[in-house]
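**Q** Quick one: the structure is below, and I'll ask about it shortly.
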Amino acid sequence: MKYIIIGICSFLIAYLFDFVSLKKIPLGKLVVGGAAGLLGGYSMVMVCLQEEKFLLPLGLSWVGWPLLFISILLLFYSLFWEIPFKKTYADKGVGDKLIKTGTYALVRHPGVIWYALFLLAFLLIFRSKLLLIAVPAWIFMDILYVFIQEKFYFIKIFPGYEEYKEETPMLIPTRKSLVSFLASLGKRD
C-alpha cells in the first residue's frame with residue numbers, strides 16, 4: 001500500500017508544475033517534473049513487482065504488451081511531440097501556445113486517456129493484486145490534476161481557452177471531436 005501512496009504523492013508534486021511555471025521559478029519545472037516522474041516511476045515498478053498476483057487468462061496477458069506499446073507511443077506523441085517540449089517542460093515560464101489539432105482536437109487532455117491505457121496494460125501484463133487498487137487511484141489523481149489545470153491555470157495561460165473548452169470535450173471524445181481529430185491529422189498548430 002505504501003507504493004500506491006508514493007504514486008499518489010508523485011501526483012501531488014506534479015500539481016505544483018503549473019504553479020512553478022506561472023511563477024517563473026528558475027529550474028522549478030525541471031525539479032518538480034523530475035521529482036514527480038521519479039516517484040511515479042518508482043511506485044509503478046514496485047507495485048508491479050509485488051508477488052501477490054491475480055488470475056487472468058493467458059491470452060489477456062498477451063493483450064497487455066501491444067496495449068503498452070501503443071499507449072506509450074500515444075503518451076509521448078501527445079505530451080512531448082504535439083506540444084512544444086522545451087517551452088512546456090524545460091524553459092522558465094509557461095508554454096503559451098494552445099494546441100487544438102491532432103489528439104488535442106479529440107479531447108483537451110488526451111494524456112489522461114493514454115495514461116489510463118498504459119496502466120491497464122501494466123495490470124494485464126503484471127497482474128499484481130496491488131495494481132487493482134493503484135490503477136483506479138492513480139487514474140483518479142490524473143483526472144483531478146486536469147480539473148485543477150482547467151480551473152486554476154489554463155484559463156490564465158492560454159488565450160482562447162474558453163472557446164477551446166466549448167468546441168472540444170475534456171476527456172471523453174464525441175463524434176464531433178473525432179471528426180475534428182481526423183480532419184486535423186498531419187496538421188500542426
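By order in the C-alpha cells, chains are A, B, ...; within a chain, residues start at 1; ligands start at 1, following the order shown.
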Which residues of segment 81-178 of chain A sit at most 10 Å from segment 49-54 of chain A, using only C-alpha atoms? Give each one's shortest atom pair and distance in Å (one decimal place), in chain and ascending residue order, as a tab-separated table.
**A**
residue	atom	partner	partner_atom	distance
A:Leu123	CA	A:Phe54	CA	9.7
A:Leu124	CA	A:Phe54	CA	9.9
A:Phe126	CA	A:Leu49	CA	7.6
A:Arg127	CA	A:Lys53	CA	5.3
A:Ser128	CA	A:Lys53	CA	4.5
A:Lys129	CA	A:Lys53	CA	5.2
A:Leu130	CA	A:Gln50	CA	7.2
A:Leu131	CA	A:Gln50	CA	9.0
A:Leu132	CA	A:Phe54	CA	9.1
**Q** Using only C-alpha atoms for the distances, tell me which of A:Leu38, A:Leu55, A:Ala183, A:Leu27 is nearest to Lys100 of chain A.
**A**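 Ranked by minimum distance to Lys100 of chain A, first place goes to A:Ala183.
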**Q** Given the choices A:Ile5, A:Ile83, A:Val47, A:Ile25, which gets closest to Gly111 of chain A if the distance is worked out from only C-alpha atoms?
**A** A:Ile83
**Q** Arg108 of chain A: which residues within 7 Å, counting only C-alpha atoms, same-chain residues fewer than 5 positions away excluded, as a list in words?
**A**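 The residues satisfying every condition are Thr168, Pro169, Met170 and Leu171 of chain A.
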**Q** Could you check which of A:Ile72, A:Ala105, A:Met44, A:Ile157 is closest to Ser10 of chain A, using only C-alpha atoms?
**A**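 Among the listed residues, A:Met44 lies closest to Ser10 of chain A.
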**Q** If I take atom CA of Trp138 of chain A and atom CA of Glu163 of chain A, how far is one from the other in Å, to one decimal?
**A**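 Result for atom CA of Trp138 of chain A versus atom CA of Glu163 of chain A: 29.3 Å, one decimal.
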**Q** Between A:Leu22, A:Val107, A:Ile99, A:Ile4, which has the minimum distance to Arg175 of chain A (counting only C-alpha atoms)?
**A** A:Val107
